[in-house]
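Raw contents of input39.cif, mmCIF, C-alpha atoms:
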data_work
loop_
_atom_site.group_PDB
_atom_site.id
_atom_site.type_symbol
_atom_site.label_atom_id
_atom_site.label_comp_id
_atom_site.auth_asym_id
_atom_site.auth_seq_id
_atom_site.Cartn_x
_atom_site.Cartn_y
_atom_site.Cartn_z
ATOM 1 C CA MET R 959 110.930 58.798 92.614
ATOM 2 C CA ALA R 960 111.886 62.203 91.196
ATOM 3 C CA GLU R 961 112.214 65.115 93.534
ATOM 4 C CA LYS R 962 109.551 67.810 93.091
ATOM 5 C CA THR R 963 110.778 71.366 92.579
ATOM 6 C CA VAL R 964 109.144 74.025 94.749
ATOM 7 C CA VAL R 965 109.095 77.780 94.238
ATOM 8 C CA VAL R 966 107.721 80.008 96.995
ATOM 9 C CA PHE R 967 106.217 83.356 95.940
ATOM 10 C CA LEU R 968 106.032 85.935 98.765
ATOM 11 C CA ASP R 969 103.999 89.135 98.475
ATOM 12 C CA TRP R 970 106.166 90.742 101.139
ATOM 13 C CA GLN R 971 103.912 93.576 102.311
ATOM 14 C CA ASN R 972 101.077 91.071 102.713
ATOM 15 C CA VAL R 973 103.329 88.630 104.575
ATOM 16 C CA TYR R 974 104.404 91.394 106.961
ATOM 17 C CA MET R 975 101.002 93.036 107.489
ATOM 18 C CA ARG R 976 99.124 89.756 107.963
ATOM 19 C CA ALA R 977 101.750 88.576 110.484
ATOM 20 C CA ARG R 978 101.185 91.782 112.444
ATOM 21 C CA GLU R 979 97.420 91.277 112.339
ATOM 22 C CA ALA R 980 97.665 87.637 113.412
ATOM 23 C CA PHE R 981 100.276 87.912 116.144
ATOM 24 C CA GLU R 982 100.754 91.524 117.266
ATOM 25 C CA SER R 983 98.747 94.388 118.675
ATOM 26 C CA PRO R 984 98.170 97.418 116.427
ATOM 27 C CA SER R 985 100.437 99.484 118.686
ATOM 28 C CA ALA R 986 103.397 97.069 118.398
ATOM 29 C CA PRO R 987 106.670 98.516 117.093
ATOM 30 C CA GLY R 988 107.181 98.352 113.322
ATOM 31 C CA TYR R 989 109.725 95.563 113.469
ATOM 32 C CA LYS R 990 107.094 93.228 114.938
ATOM 33 C CA GLY R 991 105.750 91.095 112.114
ATOM 34 C CA GLN R 992 109.071 90.844 110.308
ATOM 35 C CA THR R 993 110.093 87.318 109.464
ATOM 36 C CA ASP R 994 112.957 85.653 107.664
ATOM 37 C CA PRO R 995 111.787 84.686 104.148
ATOM 38 C CA VAL R 996 114.193 81.752 103.953
ATOM 39 C CA ASP R 997 112.957 80.274 107.226
ATOM 40 C CA LEU R 998 109.363 80.957 106.189
ATOM 41 C CA ALA R 999 109.846 79.242 102.820
ATOM 42 C CA HIS R 1000 111.351 76.185 104.499
ATOM 43 C CA VAL R 1001 108.380 75.991 106.876
ATOM 44 C CA LEU R 1002 105.963 76.219 103.938
ATOM 45 C CA VAL R 1003 107.777 73.471 102.021
ATOM 46 C CA THR R 1004 107.944 71.269 105.140
ATOM 47 C CA LYS R 1005 104.188 71.688 105.690
ATOM 48 C CA HIS R 1006 103.507 70.834 102.042
ATOM 49 C CA ALA R 1007 105.796 67.786 102.232
ATOM 50 C CA ALA R 1008 103.990 66.526 105.358
ATOM 51 C CA ARG R 1009 100.724 66.488 103.370
ATOM 52 C CA HIS R 1010 102.414 64.626 100.503
ATOM 53 C CA PRO R 1011 104.717 61.989 102.050
ATOM 54 C CA GLU R 1012 104.783 60.033 98.783
ATOM 55 C CA HIS R 1013 107.160 62.651 97.280
ATOM 56 C CA THR R 1014 110.346 64.490 98.173
ATOM 57 C CA PHE R 1015 110.647 68.218 97.597
ATOM 58 C CA ASP R 1016 113.450 70.649 96.801
ATOM 59 C CA LEU R 1017 113.059 74.353 97.535
ATOM 60 C CA ALA R 1018 114.483 75.821 94.337
ATOM 61 C CA GLU R 1019 113.608 79.518 94.681
ATOM 62 C CA ILE R 1020 112.170 82.036 97.091
ATOM 63 C CA ARG R 1021 110.716 84.889 95.059
ATOM 64 C CA ILE R 1022 110.059 88.056 97.059
ATOM 65 C CA TYR R 1023 107.921 90.883 95.677
ATOM 66 C CA ARG R 1024 108.282 94.105 97.643
ATOM 67 C CA GLY R 1025 107.993 97.865 97.398
ATOM 68 C CA ARG R 1026 111.254 99.788 97.774
ATOM 69 C CA PRO R 1027 111.387 103.029 99.791
ATOM 70 C CA THR R 1028 113.360 105.689 97.955
ATOM 71 C CA GLN R 1029 116.238 107.588 99.576
ATOM 72 C CA HIS R 1030 114.818 110.852 98.320
ATOM 73 C CA ALA R 1031 111.433 110.433 100.023
ATOM 74 C CA ASP R 1032 112.235 108.192 102.998
ATOM 75 C CA GLN R 1033 115.869 107.935 104.079
ATOM 76 C CA THR R 1034 115.072 105.910 107.214
ATOM 77 C CA GLY R 1035 112.845 103.456 105.337
ATOM 78 C CA SER R 1036 115.389 103.188 102.545
ATOM 79 C CA ASN R 1037 118.181 102.404 105.010
ATOM 80 C CA ALA R 1038 116.062 99.717 106.709
ATOM 81 C CA PHE R 1039 115.209 98.289 103.279
ATOM 82 C CA GLN R 1040 118.915 98.145 102.363
ATOM 83 C CA ARG R 1041 119.771 96.264 105.565
ATOM 84 C CA GLN R 1042 116.888 93.825 105.124
ATOM 85 C CA THR R 1043 117.521 93.098 101.459
ATOM 86 C CA ALA R 1044 121.287 92.745 101.951
ATOM 87 C CA LYS R 1045 120.558 89.889 104.335
ATOM 88 C CA TRP R 1046 118.153 88.313 101.845
ATOM 89 C CA ALA R 1047 120.743 88.582 99.071
ATOM 90 C CA SER R 1048 123.103 86.366 101.035
ATOM 91 C CA ASN R 1049 120.973 83.355 100.080
ATOM 92 C CA LYS R 1050 121.300 82.313 96.440
ATOM 93 C CA LYS R 1051 117.748 80.906 96.377
ATOM 94 C CA VAL R 1052 116.234 84.333 97.026
ATOM 95 C CA ARG R 1053 115.087 86.078 93.845
ATOM 96 C CA PRO R 1054 113.759 89.528 94.756
ATOM 97 C CA ARG R 1055 111.645 91.850 92.643
ATOM 98 C CA TYR R 1056 111.483 95.418 93.916
ATOM 99 C CA ASN R 1057 109.499 98.367 92.611
ATOM 100 C CA ASP R 1058 109.928 101.872 94.021
ATOM 101 C CA LEU R 1059 107.109 102.961 96.299
ATOM 102 C CA ARG R 1060 104.819 105.743 95.085
ATOM 103 C CA TYR R 1061 104.545 108.628 97.518
ATOM 104 C CA PRO R 1062 101.608 111.015 97.941
ATOM 105 C CA GLU R 1063 102.249 114.588 96.789
ATOM 106 C CA ASP R 1064 102.080 115.909 100.354
ATOM 107 C CA TRP R 1065 104.408 113.173 101.693
ATOM 108 C CA GLY R 1066 106.503 114.430 104.583
ATOM 109 C CA SER R 1067 104.107 117.185 105.622
ATOM 110 C CA GLU R 1068 102.131 117.031 108.843
ATOM 111 C CA GLU R 1069 98.901 117.132 106.839
ATOM 112 C CA CYS R 1070 99.750 113.938 104.953
ATOM 113 C CA GLU R 1071 97.515 111.076 106.015
ATOM 114 C CA GLU R 1072 98.161 108.788 103.069
ATOM 115 C CA LYS R 1073 100.914 106.175 103.109
ATOM 116 C CA PRO R 1074 103.262 105.295 100.257
ATOM 117 C CA ARG R 1075 101.845 102.635 97.946
ATOM 118 C CA GLU R 1076 103.241 99.676 96.118
ATOM 119 C CA LYS R 1077 102.513 99.631 92.393
ATOM 120 C CA GLY R 1078 103.055 96.692 90.080
ATOM 121 C CA ILE R 1079 103.999 94.203 92.783
ATOM 122 C CA ASP R 1080 100.915 91.996 92.382
ATOM 123 C CA VAL R 1081 101.208 92.118 88.597
ATOM 124 C CA ALA R 1082 104.876 91.094 88.752
ATOM 125 C CA LEU R 1083 104.061 88.152 91.029
ATOM 126 C CA ALA R 1084 101.105 87.079 88.858
ATOM 127 C CA VAL R 1085 103.134 87.275 85.626
ATOM 128 C CA ASP R 1086 106.004 85.292 87.140
ATOM 129 C CA LEU R 1087 103.653 82.646 88.552
ATOM 130 C CA VAL R 1088 101.897 82.062 85.223
ATOM 131 C CA THR R 1089 105.032 82.319 83.075
ATOM 132 C CA MET R 1090 107.037 79.987 85.273
ATOM 133 C CA ALA R 1091 104.127 77.528 85.406
ATOM 134 C CA LEU R 1092 103.802 77.521 81.607
ATOM 135 C CA ASP R 1093 107.580 77.103 81.267
ATOM 136 C CA ALA R 1094 107.510 74.149 83.729
ATOM 137 C CA LYS R 1095 109.957 75.883 86.086
ATOM 138 C CA PHE R 1096 108.392 74.276 89.169
ATOM 139 C CA ASP R 1097 106.245 71.330 90.211
ATOM 140 C CA VAL R 1098 104.773 73.082 93.239
ATOM 141 C CA GLY R 1099 104.206 76.806 93.636
ATOM 142 C CA ILE R 1100 103.338 78.191 97.050
ATOM 143 C CA VAL R 1101 101.934 81.720 97.016
ATOM 144 C CA MET R 1102 101.802 83.616 100.302
ATOM 145 C CA SER R 1103 99.555 86.629 99.985
ATOM 146 C CA ALA R 1104 96.131 87.798 101.074
ATOM 147 C CA ASP R 1105 95.650 89.824 97.910
ATOM 148 C CA TYR R 1106 92.590 88.954 95.849
ATOM 149 C CA ASP R 1107 94.214 90.478 92.756
ATOM 150 C CA LEU R 1108 96.276 87.292 92.453
ATOM 151 C CA ILE R 1109 93.248 84.993 92.151
ATOM 152 C CA PRO R 1110 93.033 85.095 88.319
ATOM 153 C CA ALA R 1111 96.681 84.068 87.945
ATOM 154 C CA ILE R 1112 96.361 81.281 90.503
ATOM 155 C CA GLU R 1113 93.101 80.090 88.940
ATOM 156 C CA HIS R 1114 94.714 80.028 85.496
ATOM 157 C CA VAL R 1115 97.431 77.649 86.651
ATOM 158 C CA VAL R 1116 95.024 75.494 88.682
ATOM 159 C CA VAL R 1117 92.404 75.263 85.908
ATOM 160 C CA ARG R 1118 95.038 74.454 83.296
ATOM 161 C CA ARG R 1119 96.245 71.551 85.410
ATOM 162 C CA ALA R 1120 92.680 70.355 86.046
ATOM 163 C CA THR R 1121 91.540 70.565 82.417
ATOM 164 C CA ARG R 1122 94.714 69.525 80.598
ATOM 165 C CA GLY R 1123 96.349 67.342 83.192
ATOM 166 C CA ILE R 1124 99.583 69.283 82.912
ATOM 167 C CA GLY R 1125 101.217 71.958 84.984
ATOM 168 C CA PRO R 1126 102.244 72.490 88.559
ATOM 169 C CA VAL R 1127 100.297 72.322 91.771
ATOM 170 C CA VAL R 1128 99.659 75.739 93.319
ATOM 171 C CA GLU R 1129 98.929 76.318 96.995
ATOM 172 C CA VAL R 1130 98.094 79.506 98.840
ATOM 173 C CA ALA R 1131 99.537 80.107 102.300
ATOM 174 C CA ALA R 1132 98.502 82.565 105.000
ATOM 175 C CA TRP R 1133 99.189 83.254 108.653
ATOM 176 C CA LYS R 1134 96.919 81.706 111.243
ATOM 177 C CA SER R 1135 96.937 82.844 114.823
ATOM 178 C CA ASP R 1136 96.454 80.352 117.635
ATOM 179 C CA GLN R 1137 94.747 83.126 119.595
ATOM 180 C CA GLY R 1138 91.378 82.727 117.892
#
Let me see the structure of the file written as structure tokens.
Amino acid sequence: MAEKTVVVFLDWQNVYMRAREAFESPSAPGYKGQTDPVDLAHVLVTKHAARHPEHTFDLAEIRIYRGRPTQHADQTGSNAFQRQTAKWASNKKVRPRYNDLRYPEDWGSEECEEKPREKGIDVALAVDLVTMALDAKFDVGIVMSADYDLIPAIEHVVVRRATRGIGPVVEVAAWKSDQG
């Protein structure tokens, strides 16, 4: 029996924010909700494997899509980002994709109520998912995000497999709190 190749796609801001919503209070410190993407990917693959005991699975890649704070606009955020991503880079299975955050014009002023925004992250994840599926780069893709913008890309891969009988399996993962 051939081993099935798994690629995990993590929409990092969604992973972080949904973990905070599921397990933390809104007033919890910012570091609450952080998780290790390598550990998370292994948990996701283990859960998938438990539902499919007829196969064995190899975690080939962990693809992380994340906004990058800029030093110019947010030195503290940029420093935290550098520490976090340096740790991720120590694992050769991690394949990050970072786009600079977009900051509101009044960023840094007391009047600013808007937060920096990620741009292009969902598109990058969607393009990679579809391209890698078409190129047969994985047998199982696990997407962890709560972003509805990814539905067309996921549906494309799922429908192609259903109608043509070719292509990978795609699963969507999300946090679930035991607290109700």
d(CA of Gln1042 (chain R), CA of Ile1109 (chain R)) in Å: 28.4 Å
Protein, DNA and RNA residues within 6 Å of (111.6, 88.1, 92.6), all atoms listed in the file, as a list in words: Arg1021, Ile1022, Tyr1023, Arg1053, Pro1054 and Arg1055 of chain R
Ground truth for the PyMOL selection byres ((chain R and resi 1049) around 12), written as a ChimeraX atom specification: /R:994-997,1018-1021,1043-1048,1050-1054
Region 965-1005 of chain R residues near region 1073-1085 of chain R within 10 Å, closest pair each, using all atoms listed in the file, as JSON lines:
{"residue": "R:Phe967", "atom": "CA", "partner": "R:Leu1083", "partner_atom": "CA", "distance": 7.2}
{"residue": "R:Leu968", "atom": "CA", "partner": "R:Leu1083", "partner_atom": "CA", "distance": 8.3}
{"residue": "R:Asp969", "atom": "CA", "partner": "R:Asp1080", "partner_atom": "CA", "distance": 7.4}
{"residue": "R:Trp970", "atom": "CA", "partner": "R:Ile1079", "partner_atom": "CA", "distance": 9.3}
{"residue": "R:Gln971", "atom": "CA", "partner": "R:Glu1076", "partner_atom": "CA", "distance": 8.7}
Counting all atoms listed in the file, the option among R:Ile1100, R:Ala960, R:Leu1092, R:Val973 closest to His1000 (chain R):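 Between R:Ile1100, R:Ala960, R:Leu1092, R:Val973, the residue approaching His1000 (chain R) most closely is R:Ile1100.
The gap separating CA of Ala1131 (chain R) from CA of His1013 (chain R) is 19.7 Å, in Å to one decimal.
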Spatial neighbours of Met1090 (chain R), 12 Å, all atoms listed in the file, chain gap at least 3 places, as a list of chain:residue names: R:Thr963, R:Val964, R:Val965, R:Val966, R:Phe967, R:Glu1019, R:Arg1021, R:Ala1082, R:Leu1083, R:Ala1084, R:Val1085, R:Asp1086, R:Leu1087, R:Asp1093, R:Ala1094, R:Lys1095, R:Phe1096, R:Asp1097, R:Val1098, R:Gly1099, R:Ala1111, R:Ile1112, R:Val1115, R:Gly1125, R:Pro1126, R:Val1128
Distance criterion (only C-alpha atoms): nearest to Thr1028 (chain R) out of R:Asp1058, R:Leu1002, R:Ala977, R:Ala1008: R:Asp1058
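Shortest atom-to-atom contact with Glu1072 (chain R) among R:Ala1132, R:Ala1104, R:Pro1011, R:Arg1060: R:Arg1060, counting only C-alpha atoms.
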CA of Met975 (chain R) to CA of Glu1129 (chain R), distance in Å rounded to a single decimal: 19.8 Å
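Once the PyMOL selection byres ((chain R and resi 1031) around 8) is applied to the shown structure, the selection contains Pro1027, Thr1028, Gln1029, His1030, Asp1032, Gln1033, Tyr1061, Trp1065 and Gly1066 of chain R.
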Need a file for region 1000-1025 of chain R from that block: N, CA, C and O atoms, written as a PDB file, in the first residue's frame.
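Just written: part_19.pdb:
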ATOM      1  N   HIS R1000       0.643  17.970  12.631  1.00  0.00           N
ATOM      2  CA  HIS R1000       0.720  16.552  13.010  1.00  0.00           C
ATOM      3  C   HIS R1000      -0.592  16.076  13.624  1.00  0.00           C
ATOM      4  O   HIS R1000      -1.037  14.958  13.348  1.00  0.00           O
ATOM      5  N   VAL R1001      -1.219  16.909  14.432  1.00  0.00           N
ATOM      6  CA  VAL R1001      -2.525  16.551  15.005  1.00  0.00           C
ATOM      7  C   VAL R1001      -3.559  16.377  13.891  1.00  0.00           C
ATOM      8  O   VAL R1001      -4.330  15.410  13.883  1.00  0.00           O
ATOM      9  N   LEU R1002      -3.568  17.294  12.929  1.00  0.00           N
ATOM     10  CA  LEU R1002      -4.526  17.204  11.828  1.00  0.00           C
ATOM     11  C   LEU R1002      -4.315  15.937  10.999  1.00  0.00           C
ATOM     12  O   LEU R1002      -5.282  15.260  10.630  1.00  0.00           O
ATOM     13  N   VAL R1003      -3.073  15.600  10.728  1.00  0.00           N
ATOM     14  CA  VAL R1003      -2.779  14.386   9.952  1.00  0.00           C
ATOM     15  C   VAL R1003      -3.155  13.141  10.761  1.00  0.00           C
ATOM     16  O   VAL R1003      -3.731  12.194  10.220  1.00  0.00           O
ATOM     17  N   THR R1004      -2.867  13.146  12.054  1.00  0.00           N
ATOM     18  CA  THR R1004      -3.222  12.008  12.913  1.00  0.00           C
ATOM     19  C   THR R1004      -4.731  11.804  12.950  1.00  0.00           C
ATOM     20  O   THR R1004      -5.211  10.669  12.870  1.00  0.00           O
ATOM     21  N   LYS R1005      -5.481  12.896  13.055  1.00  0.00           N
ATOM     22  CA  LYS R1005      -6.955  12.804  13.048  1.00  0.00           C
ATOM     23  C   LYS R1005      -7.449  12.254  11.711  1.00  0.00           C
ATOM     24  O   LYS R1005      -8.355  11.422  11.671  1.00  0.00           O
ATOM     25  N   HIS R1006      -6.879  12.734  10.616  1.00  0.00           N
ATOM     26  CA  HIS R1006      -7.265  12.233   9.296  1.00  0.00           C
ATOM     27  C   HIS R1006      -6.949  10.736   9.193  1.00  0.00           C
ATOM     28  O   HIS R1006      -7.777   9.947   8.728  1.00  0.00           O
ATOM     29  N   ALA R1007      -5.758  10.349   9.623  1.00  0.00           N
ATOM     30  CA  ALA R1007      -5.338   8.948   9.544  1.00  0.00           C
ATOM     31  C   ALA R1007      -6.252   8.039  10.366  1.00  0.00           C
ATOM     32  O   ALA R1007      -6.545   6.909   9.950  1.00  0.00           O
ATOM     33  N   ALA R1008      -6.738   8.524  11.505  1.00  0.00           N
ATOM     34  CA  ALA R1008      -7.635   7.721  12.345  1.00  0.00           C
ATOM     35  C   ALA R1008      -8.955   7.437  11.626  1.00  0.00           C
ATOM     36  O   ALA R1008      -9.567   6.386  11.841  1.00  0.00           O
ATOM     37  N   ARG R1009      -9.377   8.353  10.752  1.00  0.00           N
ATOM     38  CA  ARG R1009     -10.617   8.150   9.992  1.00  0.00           C
ATOM     39  C   ARG R1009     -10.391   7.282   8.755  1.00  0.00           C
ATOM     40  O   ARG R1009     -11.337   6.847   8.114  1.00  0.00           O
ATOM     41  N   HIS R1010      -9.132   7.043   8.420  1.00  0.00           N
ATOM     42  CA  HIS R1010      -8.785   6.276   7.221  1.00  0.00           C
ATOM     43  C   HIS R1010      -7.689   5.254   7.545  1.00  0.00           C
ATOM     44  O   HIS R1010      -6.572   5.325   7.022  1.00  0.00           O
ATOM     45  N   PRO R1011      -7.999   4.274   8.399  1.00  0.00           N
ATOM     46  CA  PRO R1011      -6.971   3.322   8.842  1.00  0.00           C
ATOM     47  C   PRO R1011      -6.467   2.399   7.732  1.00  0.00           C
ATOM     48  O   PRO R1011      -5.450   1.729   7.912  1.00  0.00           O
ATOM     49  N   GLU R1012      -7.131   2.402   6.588  1.00  0.00           N
ATOM     50  CA  GLU R1012      -6.702   1.555   5.480  1.00  0.00           C
ATOM     51  C   GLU R1012      -5.477   2.122   4.747  1.00  0.00           C
ATOM     52  O   GLU R1012      -4.912   1.461   3.884  1.00  0.00           O
ATOM     53  N   HIS R1013      -5.047   3.344   5.098  1.00  0.00           N
ATOM     54  CA  HIS R1013      -3.904   3.977   4.446  1.00  0.00           C
ATOM     55  C   HIS R1013      -2.888   4.443   5.488  1.00  0.00           C
ATOM     56  O   HIS R1013      -3.202   4.584   6.664  1.00  0.00           O
ATOM     57  N   THR R1014      -1.677   4.713   5.008  1.00  0.00           N
ATOM     58  CA  THR R1014      -0.683   5.404   5.827  1.00  0.00           C
ATOM     59  C   THR R1014      -0.456   6.766   5.183  1.00  0.00           C
ATOM     60  O   THR R1014      -0.664   6.950   3.984  1.00  0.00           O
ATOM     61  N   PHE R1015      -0.037   7.723   5.996  1.00  0.00           N
ATOM     62  CA  PHE R1015       0.065   9.103   5.546  1.00  0.00           C
ATOM     63  C   PHE R1015       1.408   9.708   5.930  1.00  0.00           C
ATOM     64  O   PHE R1015       1.931   9.438   7.008  1.00  0.00           O
ATOM     65  N   ASP R1016       1.927  10.542   5.020  1.00  0.00           N
ATOM     66  CA  ASP R1016       3.177  11.254   5.249  1.00  0.00           C
ATOM     67  C   ASP R1016       2.910  12.748   5.141  1.00  0.00           C
ATOM     68  O   ASP R1016       2.446  13.223   4.098  1.00  0.00           O
ATOM     69  N   LEU R1017       3.201  13.476   6.202  1.00  0.00           N
ATOM     70  CA  LEU R1017       3.078  14.932   6.184  1.00  0.00           C
ATOM     71  C   LEU R1017       4.249  15.493   5.388  1.00  0.00           C
ATOM     72  O   LEU R1017       5.384  15.492   5.848  1.00  0.00           O
ATOM     73  N   ALA R1018       3.970  15.946   4.173  1.00  0.00           N
ATOM     74  CA  ALA R1018       5.026  16.411   3.281  1.00  0.00           C
ATOM     75  C   ALA R1018       5.342  17.883   3.474  1.00  0.00           C
ATOM     76  O   ALA R1018       6.507  18.281   3.440  1.00  0.00           O
ATOM     77  N   GLU R1019       4.297  18.709   3.645  1.00  0.00           N
ATOM     78  CA  GLU R1019       4.496  20.156   3.771  1.00  0.00           C
ATOM     79  C   GLU R1019       3.473  20.759   4.715  1.00  0.00           C
ATOM     80  O   GLU R1019       2.347  20.288   4.805  1.00  0.00           O
ATOM     81  N   ILE R1020       3.910  21.836   5.353  1.00  0.00           N
ATOM     82  CA  ILE R1020       3.036  22.679   6.164  1.00  0.00           C
ATOM     83  C   ILE R1020       3.155  24.067   5.557  1.00  0.00           C
ATOM     84  O   ILE R1020       4.195  24.722   5.676  1.00  0.00           O
ATOM     85  N   ARG R1021       2.115  24.501   4.873  1.00  0.00           N
ATOM     86  CA  ARG R1021       2.141  25.783   4.176  1.00  0.00           C
ATOM     87  C   ARG R1021       1.407  26.804   5.045  1.00  0.00           C
ATOM     88  O   ARG R1021       0.241  26.621   5.367  1.00  0.00           O
ATOM     89  N   ILE R1022       2.123  27.856   5.415  1.00  0.00           N
ATOM     90  CA  ILE R1022       1.568  28.886   6.297  1.00  0.00           C
ATOM     91  C   ILE R1022       1.423  30.181   5.507  1.00  0.00           C
ATOM     92  O   ILE R1022       2.374  30.650   4.891  1.00  0.00           O
ATOM     93  N   TYR R1023       0.231  30.747   5.565  1.00  0.00           N
ATOM     94  CA  TYR R1023      -0.085  32.002   4.870  1.00  0.00           C
ATOM     95  C   TYR R1023      -0.375  33.032   5.943  1.00  0.00           C
ATOM     96  O   TYR R1023      -1.299  32.865   6.739  1.00  0.00           O
ATOM     97  N   ARG R1024       0.427  34.114   5.952  1.00  0.00           N
ATOM     98  CA  ARG R1024       0.356  35.052   7.080  1.00  0.00           C
ATOM     99  C   ARG R1024       0.744  36.451   6.644  1.00  0.00           C
ATOM    100  O   ARG R1024       1.625  36.643   5.813  1.00  0.00           O
ATOM    101  N   GLY R1025       0.091  37.440   7.251  1.00  0.00           N
ATOM    102  CA  GLY R1025       0.484  38.829   7.060  1.00  0.00           C
ATOM    103  C   GLY R1025       1.750  39.122   7.850  1.00  0.00           C
ATOM    104  O   GLY R1025       1.973  38.547   8.923  1.00  0.00           O
TER     105      GLY R1025
END
